[in-house]
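Trainee: One structure, pasted below without further comment.
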Amino acid sequence: MKRYLISLLVVTLVLVLASFVVMWTMPQYYLPIMPLLALYFGVVCGLQHWLVTRAMYRSPKTFIQMFLGSVIGVLFIHLAVLAAYLFTHPSHARLFTIAFSVGYAASLVFETIALVRFVNRERAKRM
């Protein structure tokens, strides 16, 4: 888990730095919420990973239920956050949607790779 948390911290910091690069190079496209989005995706990704990996040590049925449930739950949380921001700040809708999509794509790729590595390591330990 320590290795995962360090990797998650690196990905989150890269997203925060990317938002500051946008602020410095293209200030007209910068939103103050962009660095906070990186932190939001880091927290959500970490919680999802913790829940799924904890379920891995139980039965396979529990793991599958927890994995699918966490994926659906996280998607609904993301939709709620996106909708809430878009309804409260309609003038920034396009920029926020782009920033949110980039953060979502980065966290999705990171979490998928982390879960595949975790499952492969656990499978190798059991054999």
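Just so we're on the same page: first chain in the structure tokens is A, next is B, and so on; residues restart at 1 for each chain, and ligands are numbered from 1 in the order they show up.
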I'd like the neighbourhood of Pro35 of chain A as a ChimeraX atom specification, where a residue qualifies if any of its atoms comes within 8 Å (using only C-alpha atoms), though same-chain residues fewer than 6 positions away should be ignored.

Mentor: /A:15-17,19-20

Trainee: Write out as a ChimeraX atom specification the residues lying within 12 Å of Tyr85 of chain A, counting only C-alpha atoms and excluding same-chain residues fewer than 5 positions away.

Mentor: /A:33,37,78-80,90-97,100

Trainee: Can I get the selection written as a compact mmCIF listing (two decimals), in the first residue's frame, with N, CA and C atoms?

Mentor:
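result06.txt, freshly written:
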```txt
# COMPACT_ATOMS: atom_id res chain seq x y z
N ILE A 33 -10.11 26.44 -9.49
CA ILE A 33 -10.51 25.11 -9.00
C ILE A 33 -9.63 23.99 -9.56
N LEU A 37 -9.12 20.12 -8.19
CA LEU A 37 -9.59 18.93 -8.91
C LEU A 37 -8.57 17.79 -8.80
N HIS A 78 -18.66 11.49 -9.37
CA HIS A 78 -18.08 12.37 -10.38
C HIS A 78 -19.17 13.13 -11.13
N LEU A 79 -20.24 12.45 -11.50
CA LEU A 79 -21.35 13.13 -12.20
C LEU A 79 -21.98 14.20 -11.32
N ALA A 80 -22.14 13.91 -10.03
CA ALA A 80 -22.73 14.89 -9.12
C ALA A 80 -21.83 16.12 -8.98
N PRO A 90 -22.05 28.44 -14.69
CA PRO A 90 -22.25 28.13 -16.11
C PRO A 90 -21.28 28.87 -17.05
N SER A 91 -20.71 29.97 -16.60
CA SER A 91 -19.79 30.70 -17.47
C SER A 91 -18.46 29.96 -17.67
N HIS A 92 -18.12 29.08 -16.73
CA HIS A 92 -16.87 28.32 -16.82
C HIS A 92 -17.10 26.87 -17.23
N ALA A 93 -18.25 26.56 -17.76
CA ALA A 93 -18.63 25.17 -18.01
C ALA A 93 -17.65 24.44 -18.92
N ARG A 94 -17.28 25.05 -20.02
CA ARG A 94 -16.42 24.37 -20.98
C ARG A 94 -15.02 24.09 -20.40
N LEU A 95 -14.42 25.11 -19.78
CA LEU A 95 -13.08 24.94 -19.22
C LEU A 95 -13.08 23.92 -18.08
N PHE A 96 -14.10 23.97 -17.24
CA PHE A 96 -14.17 23.02 -16.13
C PHE A 96 -14.37 21.59 -16.64
N THR A 97 -15.19 21.44 -17.65
CA THR A 97 -15.44 20.10 -18.20
C THR A 97 -14.16 19.52 -18.80
N PHE A 100 -11.88 18.66 -15.84
CA PHE A 100 -12.43 17.50 -15.15
C PHE A 100 -12.18 16.23 -15.96
```

Trainee: Could you give me, as a PDB file with C-alpha atoms, in the first residue's frame, the residues within 7 Å of segment 45-49 of chain A, counting only C-alpha atoms and dropping anything in the same chain fewer than 6 positions from it?

Mentor:
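The resulting file, selection-v8.pdb, is reproduced below:
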```pdb
ATOM      1  CA  SER A  70     -17.113   1.249  -6.158  1.00  0.00           C
ATOM      2  CA  SER A 107      -7.117   8.869 -12.433  1.00  0.00           C
ATOM      3  CA  GLU A 111      -6.286   3.241 -10.896  1.00  0.00           C
TER       4      GLU A 111
END
```

Trainee: Which residue is closest to Leu51 of chain A? Choose from A:Leu115, A:Leu8, A:Leu75, A:Ala83 and count only C-alpha atoms.

Mentor: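 The shortest atom-to-atom distance to Leu51 of chain A comes from A:Leu115.
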
Trainee: May I ask which of the residues A:Ala106, A:Met1, A:Ile98, A:Ile113 is the closest one to Leu31 of chain A, counting only C-alpha atoms?

Mentor: A:Ile98

Trainee: With only C-alpha atoms as the atoms that count, which of A:Met56, A:Met26, A:Leu108, A:Ile64 lies nearest to Asn120 of chain A?

Mentor: A:Met56

Trainee: Using only C-alpha atoms for the distances, tell me which of A:Phe67, A:Phe118, A:Tyr104, A:Tyr4 is nearest to Val44 of chain A.

Mentor: A:Tyr104
